[in-house]
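Undergrad: Contents of final_23.pdb (PDB, C-alpha atoms) are given next:
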```pdb
ATOM      1  CA  MET M   1     143.224 229.295  33.395
ATOM      2  CA  SER M   2     146.833 229.113  32.278
ATOM      3  CA  ALA M   3     147.735 226.863  29.355
ATOM      4  CA  PRO M   4     147.460 223.289  30.645
ATOM      5  CA  THR M   5     150.415 220.927  30.479
ATOM      6  CA  ALA M   6     148.130 217.911  30.019
ATOM      7  CA  VAL M   7     144.526 217.193  29.136
ATOM      8  CA  PRO M   8     142.478 218.060  32.233
ATOM      9  CA  PRO M   9     140.528 215.229  33.854
ATOM     10  CA  VAL M  10     136.816 214.782  33.277
ATOM     11  CA  LEU M  11     134.752 216.348  36.067
ATOM     12  CA  ALA M  12     131.301 215.669  34.592
ATOM     13  CA  GLU M  13     129.665 213.627  31.829
ATOM     14  CA  VAL M  14     126.698 214.594  29.679
ATOM     15  CA  VAL M  15     124.505 211.491  29.505
ATOM     16  CA  ARG M  16     121.530 211.416  27.125
ATOM     17  CA  SER M  17     119.366 208.310  26.857
ATOM     18  CA  GLY M  18     122.130 206.298  28.526
ATOM     19  CA  PHE M  19     124.769 207.484  26.039
ATOM     20  CA  VAL M  20     127.663 209.745  27.022
ATOM     21  CA  GLU M  21     127.483 212.529  24.433
ATOM     22  CA  GLY M  22     129.883 214.986  26.033
ATOM     23  CA  ARG M  23     132.283 215.669  28.851
ATOM     24  CA  HIS M  24     133.288 218.671  30.951
ATOM     25  CA  ARG M  25     136.896 218.751  32.121
ATOM     26  CA  GLY M  26     138.569 220.837  34.767
ATOM     27  CA  SER M  27     140.566 221.026  37.973
ATOM     28  CA  LEU M  28     139.705 220.763  41.644
ATOM     29  CA  VAL M  29     141.231 220.763  45.091
ATOM     30  CA  VAL M  30     139.955 219.634  48.485
ATOM     31  CA  LEU M  31     141.628 220.768  51.719
ATOM     32  CA  ALA M  32     141.660 218.785  54.958
ATOM     33  CA  PRO M  33     140.730 220.460  58.278
ATOM     34  CA  ASP M  34     144.398 221.329  58.875
ATOM     35  CA  GLY M  35     144.655 223.029  55.480
ATOM     36  CA  SER M  36     146.686 220.313  53.773
ATOM     37  CA  VAL M  37     145.663 219.093  50.327
ATOM     38  CA  ALA M  38     143.472 216.014  50.722
ATOM     39  CA  ARG M  39     142.614 215.641  47.043
ATOM     40  CA  ALA M  40     143.639 217.294  43.805
ATOM     41  CA  LEU M  41     142.779 216.781  40.155
ATOM     42  CA  GLY M  42     144.090 218.625  37.117
ATOM     43  CA  GLU M  43     146.085 221.775  37.821
ATOM     44  CA  PRO M  44     144.735 223.307  41.029
ATOM     45  CA  ASP M  45     147.877 225.388  41.460
ATOM     46  CA  ALA M  46     147.499 227.131  38.092
ATOM     47  CA  PRO M  47     145.988 230.641  38.239
ATOM     48  CA  VAL M  48     142.333 231.151  37.351
ATOM     49  CA  PHE M  49     139.955 234.071  37.484
ATOM     50  CA  PRO M  50     137.626 233.048  40.345
ATOM     51  CA  ARG M  51     135.058 235.546  39.098
ATOM     52  CA  SER M  52     132.321 236.037  41.732
ATOM     53  CA  SER M  53     133.946 233.531  44.087
ATOM     54  CA  ASN M  54     136.235 236.502  44.853
ATOM     55  CA  LYS M  55     133.334 238.458  46.349
ATOM     56  CA  PRO M  56     133.822 237.482  50.008
ATOM     57  CA  MET M  57     137.355 238.852  49.757
ATOM     58  CA  GLN M  58     136.109 242.030  48.099
ATOM     59  CA  ALA M  59     133.564 242.479  50.895
ATOM     60  CA  ALA M  60     136.284 241.986  53.508
ATOM     61  CA  GLY M  61     138.309 244.680  51.761
ATOM     62  CA  VAL M  62     135.368 247.063  52.057
ATOM     63  CA  LEU M  63     135.262 246.379  55.800
ATOM     64  CA  ARG M  64     139.004 246.971  56.052
ATOM     65  CA  ALA M  65     138.319 250.339  54.446
ATOM     66  CA  GLY M  66     136.307 251.212  57.555
ATOM     67  CA  LEU M  67     132.764 250.889  56.199
ATOM     68  CA  ALA M  68     130.318 249.801  58.892
ATOM     69  CA  LEU M  69     128.342 246.979  57.273
ATOM     70  CA  GLU M  70     126.495 244.237  59.102
ATOM     71  CA  GLY M  71     123.774 241.658  58.537
ATOM     72  CA  GLU M  72     121.904 241.677  55.250
ATOM     73  CA  ARG M  73     123.926 244.607  53.901
ATOM     74  CA  LEU M  74     127.204 242.788  54.360
ATOM     75  CA  ALA M  75     125.749 239.623  52.824
ATOM     76  CA  LEU M  76     124.592 241.658  49.822
ATOM     77  CA  ALA M  77     128.078 243.153  49.482
ATOM     78  CA  ALA M  78     129.354 239.597  48.841
ATOM     79  CA  ALA M  79     126.409 238.602  46.649
ATOM     80  CA  SER M  80     125.663 237.476  43.146
ATOM     81  CA  HIS M  81     122.007 238.139  43.741
ATOM     82  CA  ALA M  82     119.082 237.118  41.564
ATOM     83  CA  GLY M  83     117.764 240.664  41.201
ATOM     84  CA  GLU M  84     114.712 239.972  43.331
ATOM     85  CA  ASP M  85     112.908 242.990  44.731
ATOM     86  CA  PHE M  86     114.415 242.654  48.213
ATOM     87  CA  HIS M  87     117.910 242.590  46.687
ATOM     88  CA  GLN M  88     117.338 245.709  44.632
ATOM     89  CA  GLN M  89     115.646 247.657  47.416
ATOM     90  CA  LEU M  90     118.452 247.004  49.881
ATOM     91  CA  ALA M  91     121.118 248.000  47.352
ATOM     92  CA  LEU M  92     119.224 251.238  46.701
ATOM     93  CA  ARG M  93     119.068 251.968  50.447
ATOM     94  CA  MET M  94     122.824 251.395  50.720
ATOM     95  CA  LEU M  95     123.378 253.951  47.976
ATOM     96  CA  ARG M  96     120.941 256.476  49.463
ATOM     97  CA  ASP M  97     122.571 256.202  52.874
ATOM     98  CA  ALA M  98     125.872 257.119  51.204
ATOM     99  CA  GLY M  99     124.263 260.105  49.499
ATOM    100  CA  LEU M 100     124.388 258.449  46.073
ATOM    101  CA  THR M 101     121.959 257.317  43.402
ATOM    102  CA  GLU M 102     121.817 254.364  41.059
ATOM    103  CA  ASP M 103     123.621 256.459  38.458
ATOM    104  CA  ALA M 104     126.866 256.124  40.447
ATOM    105  CA  LEU M 105     127.009 252.378  39.784
ATOM    106  CA  HIS M 106     129.484 251.146  37.176
ATOM    107  CA  CYS M 107     127.928 247.702  36.815
ATOM    108  CA  PRO M 108     126.041 247.226  33.521
ATOM    109  CA  PRO M 109     122.243 247.535  33.405
ATOM    110  CA  VAL M 110     119.915 244.547  33.366
ATOM    111  CA  GLU M 111     116.582 245.243  31.716
ATOM    112  CA  GLY M 112     117.417 248.946  31.900
ATOM    113  CA  ARG M 113     118.399 249.078  35.599
ATOM    114  CA  ARG M 114     121.928 248.925  36.981
ATOM    115  CA  ILE M 115     120.529 248.063  40.399
ATOM    116  CA  ALA M 116     119.092 244.832  38.940
ATOM    117  CA  MET M 117     122.536 243.554  37.940
ATOM    118  CA  ASN M 118     123.682 240.695  40.201
ATOM    119  CA  CYS M 119     126.746 242.622  41.438
ATOM    120  CA  SER M 120     124.910 245.820  42.429
ATOM    121  CA  GLY M 121     125.242 245.096  46.149
ATOM    122  CA  LYS M 122     129.010 244.745  45.842
ATOM    123  CA  HIS M 123     129.219 247.967  43.857
ATOM    124  CA  ALA M 124     126.971 249.823  46.308
ATOM    125  CA  ALA M 125     129.258 248.755  49.160
ATOM    126  CA  MET M 126     132.361 249.819  47.247
ATOM    127  CA  LEU M 127     130.861 253.230  46.551
ATOM    128  CA  ALA M 128     129.828 253.671  50.179
ATOM    129  CA  ALA M 129     133.386 252.833  51.288
ATOM    130  CA  CYS M 130     134.706 255.522  48.951
ATOM    131  CA  VAL M 131     132.312 258.122  50.385
ATOM    132  CA  HIS M 132     133.302 257.082  53.925
ATOM    133  CA  ASN M 133     136.993 257.636  53.173
ATOM    134  CA  GLY M 134     136.683 260.668  50.927
ATOM    135  CA  TRP M 135     138.083 258.671  47.997
ATOM    136  CA  PRO M 136     137.087 259.437  44.382
ATOM    137  CA  VAL M 137     133.736 257.943  43.499
ATOM    138  CA  ALA M 138     133.842 258.271  39.729
ATOM    139  CA  THR M 139     136.931 256.034  39.446
ATOM    140  CA  TYR M 140     136.087 253.448  42.097
ATOM    141  CA  THR M 141     136.539 250.515  39.683
ATOM    142  CA  ASP M 142     140.008 251.538  38.509
ATOM    143  CA  PRO M 143     142.603 248.926  39.564
ATOM    144  CA  ASP M 144     144.824 251.700  40.999
ATOM    145  CA  HIS M 145     142.042 253.198  43.122
ATOM    146  CA  PRO M 146     142.838 253.142  46.873
ATOM    147  CA  LEU M 147     139.869 250.847  47.551
ATOM    148  CA  GLN M 148     140.875 248.342  44.882
ATOM    149  CA  ALA M 149     144.454 248.354  46.150
ATOM    150  CA  LEU M 150     143.146 247.506  49.621
ATOM    151  CA  ILE M 151     140.941 244.732  48.218
ATOM    152  CA  ARG M 152     143.946 243.319  46.399
ATOM    153  CA  GLU M 153     145.956 243.258  49.638
ATOM    154  CA  THR M 154     143.052 241.575  51.429
ATOM    155  CA  ALA M 155     142.757 238.886  48.749
ATOM    156  CA  GLU M 156     146.490 238.208  48.709
ATOM    157  CA  ALA M 157     146.498 237.786  52.487
ATOM    158  CA  ALA M 158     143.519 235.409  52.402
ATOM    159  CA  THR M 159     144.809 233.223  49.570
ATOM    160  CA  GLY M 160     148.443 233.316  50.637
ATOM    161  CA  GLU M 161     149.411 234.154  47.046
ATOM    162  CA  PRO M 162     150.338 237.223  45.025
ATOM    163  CA  VAL M 163     147.878 238.216  42.331
ATOM    164  CA  ALA M 164     148.810 236.289  39.181
ATOM    165  CA  ALA M 165     146.852 238.502  36.781
ATOM    166  CA  THR M 166     144.417 241.405  36.875
ATOM    167  CA  GLY M 167     141.425 241.685  34.580
ATOM    168  CA  VAL M 168     138.004 243.282  34.332
ATOM    169  CA  ASP M 169     135.067 241.254  35.616
ATOM    170  CA  GLY M 170     131.691 241.174  33.891
ATOM    171  CA  CYS M 171     130.448 243.823  36.306
ATOM    172  CA  GLY M 172     133.341 246.165  35.496
ATOM    173  CA  ALA M 173     135.213 245.762  38.799
ATOM    174  CA  PRO M 174     138.849 244.626  38.894
ATOM    175  CA  LEU M 175     139.293 240.854  38.881
ATOM    176  CA  PHE M 176     142.280 239.140  40.493
ATOM    177  CA  ALA M 177     143.608 235.708  39.511
ATOM    178  CA  PHE M 178     144.706 233.099  42.049
ATOM    179  CA  SER M 179     145.041 229.350  42.054
ATOM    180  CA  LEU M 180     142.163 227.095  43.062
ATOM    181  CA  THR M 181     144.278 226.027  46.031
ATOM    182  CA  GLY M 182     144.594 229.672  47.066
ATOM    183  CA  LEU M 183     140.857 230.174  46.625
ATOM    184  CA  ALA M 184     140.044 227.172  48.831
ATOM    185  CA  ARG M 185     142.596 228.424  51.350
ATOM    186  CA  ALA M 186     140.844 231.811  51.452
ATOM    187  CA  PHE M 187     137.420 230.293  52.137
ATOM    188  CA  ARG M 188     138.939 228.142  54.873
ATOM    189  CA  ALA M 189     140.534 231.261  56.381
ATOM    190  CA  PHE M 190     137.175 233.073  56.401
ATOM    191  CA  VAL M 191     135.293 230.397  58.361
ATOM    192  CA  LEU M 192     138.170 229.935  60.828
ATOM    193  CA  ALA M 193     138.988 233.623  61.292
ATOM    194  CA  GLU M 194     138.716 235.255  64.701
ATOM    195  CA  PRO M 195     135.173 236.425  65.535
ATOM    196  CA  GLY M 196     134.873 240.126  64.791
ATOM    197  CA  SER M 197     137.598 240.143  62.144
ATOM    198  CA  PRO M 198     136.575 241.387  58.687
ATOM    199  CA  GLU M 199     136.890 237.899  57.217
ATOM    200  CA  ARG M 200     134.770 236.252  59.895
ATOM    201  CA  ARG M 201     132.176 239.040  59.759
ATOM    202  CA  VAL M 202     131.737 238.422  56.032
ATOM    203  CA  ALA M 203     131.454 234.656  56.492
ATOM    204  CA  ASP M 204     128.994 235.052  59.366
ATOM    205  CA  ALA M 205     126.820 237.535  57.455
ATOM    206  CA  MET M 206     126.668 235.319  54.369
ATOM    207  CA  ARG M 207     125.711 232.276  56.439
ATOM    208  CA  ALA M 208     123.157 234.173  58.526
ATOM    209  CA  HIS M 209     121.488 235.812  55.503
ATOM    210  CA  PRO M 210     122.075 233.397  52.621
ATOM    211  CA  ARG M 211     119.162 234.561  50.475
ATOM    212  CA  TYR M 212     120.829 237.945  50.163
ATOM    213  CA  VAL M 213     123.905 236.170  48.755
ATOM    214  CA  GLY M 214     122.019 234.460  45.934
ATOM    215  CA  GLY M 215     118.277 234.339  46.044
ATOM    216  CA  THR M 216     115.296 232.220  46.895
ATOM    217  CA  ARG M 217     116.291 229.474  44.431
ATOM    218  CA  ARG M 218     120.071 229.770  44.123
ATOM    219  CA  ALA M 219     122.251 226.804  45.140
ATOM    220  CA  ASP M 220     124.644 228.903  47.264
ATOM    221  CA  SER M 221     121.760 230.242  49.336
ATOM    222  CA  LEU M 222     119.970 226.908  49.690
ATOM    223  CA  LEU M 223     123.192 225.135  50.697
ATOM    224  CA  MET M 224     124.015 227.668  53.396
ATOM    225  CA  GLU M 225     120.476 227.366  54.726
ATOM    226  CA  ALA M 226     120.643 223.571  54.803
ATOM    227  CA  VAL M 227     124.157 222.923  56.126
ATOM    228  CA  PRO M 228     125.146 224.685  59.378
ATOM    229  CA  GLY M 229     128.451 226.516  59.117
ATOM    230  CA  LEU M 230     128.894 226.014  55.377
ATOM    231  CA  LEU M 231     130.150 228.969  53.309
ATOM    232  CA  SER M 232     129.513 228.781  49.552
ATOM    233  CA  LYS M 233     130.061 231.113  46.614
ATOM    234  CA  ALA M 234     129.896 230.307  42.923
ATOM    235  CA  GLY M 235     131.632 232.228  40.173
ATOM    236  CA  ALA M 236     131.077 232.547  36.453
ATOM    237  CA  GLU M 237     132.870 230.242  34.014
ATOM    238  CA  GLY M 238     132.252 227.156  36.129
ATOM    239  CA  VAL M 239     133.985 228.206  39.376
ATOM    240  CA  GLN M 240     132.852 227.154  42.852
ATOM    241  CA  ALA M 241     134.358 227.509  46.325
ATOM    242  CA  VAL M 242     133.045 226.084  49.607
ATOM    243  CA  ALA M 243     134.294 225.849  53.180
ATOM    244  CA  LEU M 244     132.886 223.825  56.052
ATOM    245  CA  ALA M 245     132.873 224.917  59.664
ATOM    246  CA  ASP M 246     135.662 222.473  60.596
ATOM    247  CA  GLY M 247     138.093 224.001  58.099
ATOM    248  CA  ARG M 248     137.653 221.616  55.213
ATOM    249  CA  ALA M 249     137.370 223.478  51.937
ATOM    250  CA  LEU M 250     137.140 222.876  48.212
ATOM    251  CA  ALA M 251     137.397 224.799  44.980
ATOM    252  CA  PHE M 252     137.018 223.766  41.382
ATOM    253  CA  LYS M 253     136.739 225.177  37.884
ATOM    254  CA  VAL M 254     135.062 223.602  34.889
ATOM    255  CA  GLU M 255     137.511 224.369  32.096
ATOM    256  CA  ASP M 256     134.951 225.211  29.417
ATOM    257  CA  GLY M 257     132.981 227.382  31.843
ATOM    258  CA  ALA M 258     129.819 225.270  31.650
ATOM    259  CA  ALA M 259     127.539 226.239  34.522
ATOM    260  CA  ARG M 260     125.497 223.063  34.047
ATOM    261  CA  ALA M 261     128.376 220.941  35.351
ATOM    262  CA  ARG M 262     128.862 222.941  38.537
ATOM    263  CA  GLY M 263     125.905 221.623  40.568
ATOM    264  CA  PRO M 264     126.479 217.900  39.958
ATOM    265  CA  VAL M 265     130.212 218.193  40.682
ATOM    266  CA  LEU M 266     129.584 220.219  43.832
ATOM    267  CA  ALA M 267     126.978 217.766  45.106
ATOM    268  CA  SER M 268     129.322 214.835  44.519
ATOM    269  CA  LEU M 269     132.220 216.497  46.318
ATOM    270  CA  LEU M 270     130.074 217.473  49.295
ATOM    271  CA  ARG M 271     128.723 213.940  49.615
ATOM    272  CA  SER M 272     132.285 212.604  49.502
ATOM    273  CA  LEU M 273     133.003 214.849  52.506
ATOM    274  CA  GLY M 274     130.039 213.386  54.385
ATOM    275  CA  VAL M 275     127.768 216.412  53.943
ATOM    276  CA  PRO M 276     124.161 215.150  53.857
ATOM    277  CA  LEU M 277     122.145 216.451  50.920
ATOM    278  CA  PRO M 278     118.420 215.878  50.345
ATOM    279  CA  GLU M 279     117.207 213.483  47.667
ATOM    280  CA  ARG M 280     114.408 215.834  46.677
ATOM    281  CA  GLY M 281     113.329 219.435  47.045
ATOM    282  CA  GLU M 282     114.642 222.844  45.986
ATOM    283  CA  LEU M 283     118.241 222.229  47.038
ATOM    284  CA  ARG M 284     118.403 218.939  45.172
ATOM    285  CA  ASP M 285     116.910 220.593  42.084
ATOM    286  CA  SER M 286     119.397 223.476  42.237
ATOM    287  CA  LEU M 287     122.305 221.007  42.128
ATOM    288  CA  ARG M 288     120.968 218.864  39.273
ATOM    289  CA  SER M 289     121.312 219.437  35.537
ATOM    290  CA  ASP M 290     118.682 217.402  33.716
ATOM    291  CA  LEU M 291     118.587 216.978  29.957
ATOM    292  CA  GLU M 292     115.248 217.256  28.210
ATOM    293  CA  GLY M 293     114.008 215.466  25.127
ATOM    294  CA  GLY M 294     110.548 215.828  23.712
ATOM    295  CA  ASP M 295     108.189 216.298  26.636
ATOM    296  CA  GLY M 296     110.365 214.782  29.335
ATOM    297  CA  VAL M 297     113.746 214.320  30.984
ATOM    298  CA  VAL M 298     115.958 211.918  29.054
ATOM    299  CA  GLY M 299     119.303 212.337  30.765
ATOM    300  CA  GLU M 300     121.503 214.406  33.003
ATOM    301  CA  VAL M 301     124.877 215.995  33.507
ATOM    302  CA  ARG M 302     126.420 213.736  36.140
ATOM    303  CA  SER M 303     129.555 214.065  38.181
ATOM    304  CA  ALA M 304     132.579 211.988  37.258
ATOM    305  CA  VAL M 305     134.515 212.743  40.457
TER     306      VAL M 305
END
```
Translate this structure into structure tokens?
TA:
Amino acid sequence: MSAPTAVPPVLAEVVRSGFVEGRHRGSLVVLAPDGSVARALGEPDAPVFPRSSNKPMQAAGVLRAGLALEGERLALAAASHAGEDFHQQLALRMLRDAGLTEDALHCPPVEGRRIAMNCSGKHAAMLAACVHNGWPVATYTDPDHPLQALIRETAEAATGEPVAATGVDGCGAPLFAFSLTGLARAFRAFVLAEPGSPERRVADAMRAHPRYVGGTRRADSLLMEAVPGLLSKAGAEGVQAVALADGRALAFKVEDGAARARGPVLASLLRSLGVPLPERGELRDSLRSDLEGGDGVVGEVRSAV
């Protein structure tokens, strides 16, 4: 995030044995169905790196490059997957169908395999788009590559903002900075886009095949399974973006990047929008951050918004 002009508000509290021992601050924005700002805290108009919350836009850019992706493959192109066997096998098939091997991937290896890295589906789709267009494969992650230029244009159109900064993501792909308001606006645009458009195809694939987006226990996947029409994608460093089928959307960033604050804040914001969430089960567990002490749970990270 850019240098704040004031101390950001508290988004979550760390409560141990009834005592608040820490706080996570940040910024958030909630959009109404018409796209207007319904709620804002902190500096939602300051640029941030959305990290993997950018992936739906990257997947839409791949479609705009002419690559024919549908269903599970398109969902995996927008994924931060858990590296489960079905994730890895599909990413390998995407590479084989493009005449490539795992060695073409630029994402870093996990336990010795690049295909196991959570961004391998995105990278496989990017490589396949390069093969389809006759673009250089070896430089597909360069910011000036034709594919990355197209992805940048796609992201700017979706957010309604010019790229504020360009960096290198953890997976090695270019990373574009936008405001949280722009990020929420992009997710809203994806769920409301015309059927058959690249943006709507990405949103529909993610919602139809949510376990390819995250995994069998990931909050994004479980939320999209539980709430009809909801589109959800987390990003590293405490980023989250969500859109509902009626056009409401939200985005937030925990300033210190603490992933443990993301679930409680997200659950609180969704409940404030009237989204029913279960009181128990896998989805509830994926959104909680309990604190342990000795042999049991002695506290939690709880939302302050």
Undergrad: Could you tell me which residues the PyMOL selection byres ((chain M and resi 261) around 8) grabs in this file, written as number ranges by chain?
TA: M: 11-12, 24, 238, 254, 258-260, 262-265, 289, 301-303
Undergrad: Step by step, work through what the PyMOL selection byres ((chain M and resi 253) around 10) selects in the shown file, and finish by giving those residues as a ChimeraX atom specification.
TA: /M:1,11,25-29,42-44,48-50,180,234-241,251-252,254-259,261-262,265
Undergrad: Between M:Val168, M:Ala138, M:Ala82, M:Val14, which one has atoms that come closest to Asp103 in chain M, using all atoms listed in the file?
TA: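 Closest residue, counting all atoms listed in the file: M:Ala138.
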Undergrad: Name all residues at most 12 Å from His106 in chain M (count only C-alpha atoms; drop same-chain ones fewer than 3 positions away) and give them as an MDAnalysis selection string.
TA: chainID M and resid 101:103 109 113:115 117 119:124 126:127 137:142 168:174
Undergrad: Please enumerate the residues selected by the PyMOL selection byres ((chain M and resi 87) around 9) when evaluated against the supplied file, formatted as an NGL selection string.
TA: :M and (76 or 81-86 or 88-92 or 115-116 or 118 or 120-121 or 211-212 or 215)
Undergrad: Please produce an output containing C-alpha atoms for each residue in the selection, written as a PDB file, keeping the file's coordinate frame.
TA:
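Done, and the output landed in again-v5.pdb:
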```
ATOM      1  CA  LEU M  76     124.592 241.658  49.822  1.00  0.00           C
ATOM      2  CA  HIS M  81     122.007 238.139  43.741  1.00  0.00           C
ATOM      3  CA  ALA M  82     119.082 237.118  41.564  1.00  0.00           C
ATOM      4  CA  GLY M  83     117.764 240.664  41.201  1.00  0.00           C
ATOM      5  CA  GLU M  84     114.712 239.972  43.331  1.00  0.00           C
ATOM      6  CA  ASP M  85     112.908 242.990  44.731  1.00  0.00           C
ATOM      7  CA  PHE M  86     114.415 242.654  48.213  1.00  0.00           C
ATOM      8  CA  GLN M  88     117.338 245.709  44.632  1.00  0.00           C
ATOM      9  CA  GLN M  89     115.646 247.657  47.416  1.00  0.00           C
ATOM     10  CA  LEU M  90     118.452 247.004  49.881  1.00  0.00           C
ATOM     11  CA  ALA M  91     121.118 248.000  47.352  1.00  0.00           C
ATOM     12  CA  LEU M  92     119.224 251.238  46.701  1.00  0.00           C
ATOM     13  CA  ILE M 115     120.529 248.063  40.399  1.00  0.00           C
ATOM     14  CA  ALA M 116     119.092 244.832  38.940  1.00  0.00           C
ATOM     15  CA  ASN M 118     123.682 240.695  40.201  1.00  0.00           C
ATOM     16  CA  SER M 120     124.910 245.820  42.429  1.00  0.00           C
ATOM     17  CA  GLY M 121     125.242 245.096  46.149  1.00  0.00           C
ATOM     18  CA  ARG M 211     119.162 234.561  50.475  1.00  0.00           C
ATOM     19  CA  TYR M 212     120.829 237.945  50.163  1.00  0.00           C
ATOM     20  CA  GLY M 215     118.277 234.339  46.044  1.00  0.00           C
TER      21      GLY M 215
END
```
Undergrad: Fewer than 5 positions away in the same chain doesn't count, so skip those; otherwise give me all residues within 10 Å of Asp34 in chain M, counting only C-alpha atoms, as a PyMOL selection string.
TA: chain M and resi 188+246-248
Undergrad: Let's have the selection written as a compact mmCIF listing (two decimals), in the coordinates of the input, with C-alpha atoms.
TA:
```txt
# COMPACT_ATOMS: atom_id res chain seq x y z
CA ARG M 188 138.94 228.14 54.87
CA ASP M 246 135.66 222.47 60.60
CA GLY M 247 138.09 224.00 58.10
CA ARG M 248 137.65 221.62 55.21
```
Undergrad: Select from range 114-178 of chain M every residue with an atom at most 7 Å from any atom of range 58-73 of chain M, then for each give the shortest pair of atoms and their distance in Å to one decimal, using only C-alpha atoms, rows by chain and rising number, as JSON lines.
TA:
```
{"residue": "M:Ala125", "atom": "CA", "partner": "M:Val62", "partner_atom": "CA", "distance": 7.0}
{"residue": "M:Met126", "atom": "CA", "partner": "M:Val62", "partner_atom": "CA", "distance": 6.3}
{"residue": "M:Ala129", "atom": "CA", "partner": "M:Leu67", "partner_atom": "CA", "distance": 5.3}
{"residue": "M:His132", "atom": "CA", "partner": "M:Leu67", "partner_atom": "CA", "distance": 6.6}
{"residue": "M:Leu150", "atom": "CA", "partner": "M:Gly61", "partner_atom": "CA", "distance": 6.0}
{"residue": "M:Ile151", "atom": "CA", "partner": "M:Gly61", "partner_atom": "CA", "distance": 4.4}
{"residue": "M:Thr154", "atom": "CA", "partner": "M:Gly61", "partner_atom": "CA", "distance": 5.7}
```
Undergrad: Write a file of the selected residues as a PDB file, in the coordinates of the input, keeping C-alpha atoms.
TA:
```
ATOM      1  CA  ALA M 125     129.258 248.755  49.160  1.00  0.00           C
ATOM      2  CA  MET M 126     132.361 249.819  47.247  1.00  0.00           C
ATOM      3  CA  ALA M 129     133.386 252.833  51.288  1.00  0.00           C
ATOM      4  CA  HIS M 132     133.302 257.082  53.925  1.00  0.00           C
ATOM      5  CA  LEU M 150     143.146 247.506  49.621  1.00  0.00           C
ATOM      6  CA  ILE M 151     140.941 244.732  48.218  1.00  0.00           C
ATOM      7  CA  THR M 154     143.052 241.575  51.429  1.00  0.00           C
TER       8      THR M 154
END
```
Undergrad: What's the separation between CA of Leu192 in chain M and CA of Val227 in chain M, in Å to one decimal place?
TA: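 Going from CA of Leu192 in chain M over to CA of Val227 in chain M covers 16.4 Å.
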Undergrad: Nearest residue to Gly18 in chain M out of M:Pro210, M:Pro162, M:Gly299, M:Pro47, using all atoms listed in the file?
TA: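 Among the listed residues, M:Gly299 lies closest to Gly18 in chain M.
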Undergrad: Within 9 Å of Thr159 in chain M, counting all atoms listed in the file, which residues qualify if same-chain residues fewer than 5 places away don't, as an MDAnalysis selection string?
TA: chainID M and resid 154 178:179 181:187 189
Undergrad: Keeping only C-alpha atoms, write the selected residues as a short mmCIF file (atom, residue, chain, number, x, y, z; two decimals), in the frame of the given file.
TA:
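And here's out28.cif as it stands now:
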```cif
data_model
loop_
_atom_site.label_atom_id
_atom_site.label_comp_id
_atom_site.auth_asym_id
_atom_site.auth_seq_id
_atom_site.Cartn_x
_atom_site.Cartn_y
_atom_site.Cartn_z
CA THR M 154 143.05 241.58 51.43
CA PHE M 178 144.71 233.10 42.05
CA SER M 179 145.04 229.35 42.05
CA THR M 181 144.28 226.03 46.03
CA GLY M 182 144.59 229.67 47.07
CA LEU M 183 140.86 230.17 46.62
CA ALA M 184 140.04 227.17 48.83
CA ARG M 185 142.60 228.42 51.35
CA ALA M 186 140.84 231.81 51.45
CA PHE M 187 137.42 230.29 52.14
CA ALA M 189 140.53 231.26 56.38
#
```
Undergrad: Excluding Ala219 in chain M and its own-chain neighbours fewer than 5 positions away, which residues fall within 8 Å of it when counting only C-alpha atoms? Please give them as a list of chain:residue names.
TA: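 The residues that qualify are M:Gly214, M:Gly263, M:Leu283, M:Ser286, M:Leu287.
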Undergrad: Interatomic distance between CA of Met94 in chain M and CA of Pro198 in chain M?
TA: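 Pair CA of Met94 in chain M / CA of Pro198 in chain M returns 18.8 Å.
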Undergrad: Using Å and a single decimal, report how far CA of Glu279 in chain M sits from CA of Glu292 in chain M.
TA: 19.9 Å
Undergrad: Could you give me, as a PyMOL selection string, the residues within 7 Å of Val242 in chain M, counting all atoms listed in the file and dropping anything in the same chain fewer than 5 positions from it?
TA: chain M and resi 187+231-233+249-251
Undergrad: Given all atoms listed in the file as the basis, pick out the residue of M:Ala6, M:Val275, M:Ala155, M:Val191 nearest to Ala245 in chain M.
TA: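 Ranked by minimum distance to Ala245 in chain M, first place goes to M:Val191.
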Undergrad: From the set M:Gly35, M:Ala98, M:Lys55, M:Phe19, which residue has the shortest atom-to-atom contact distance to Gly134 in chain M, counting all atoms listed in the file?
TA: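 That would be M:Ala98, the residue with the smallest distance to Gly134 in chain M.
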Undergrad: Looking at M:Arg51, M:Arg284, M:Arg23, M:Cys107, which one is nearest to Arg217 in chain M, with distances taken over all atoms listed in the file?
TA: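 Nearest candidate to Arg217 in chain M out of M:Arg51, M:Arg284, M:Arg23, M:Cys107: M:Arg284.
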Undergrad: M:Ala79, M:Val110, M:Leu147, M:Val305: which is nearest Leu266 in chain M, counting all atoms listed in the file?
TA: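 Nearest candidate to Leu266 in chain M out of M:Ala79, M:Val110, M:Leu147, M:Val305: M:Val305.
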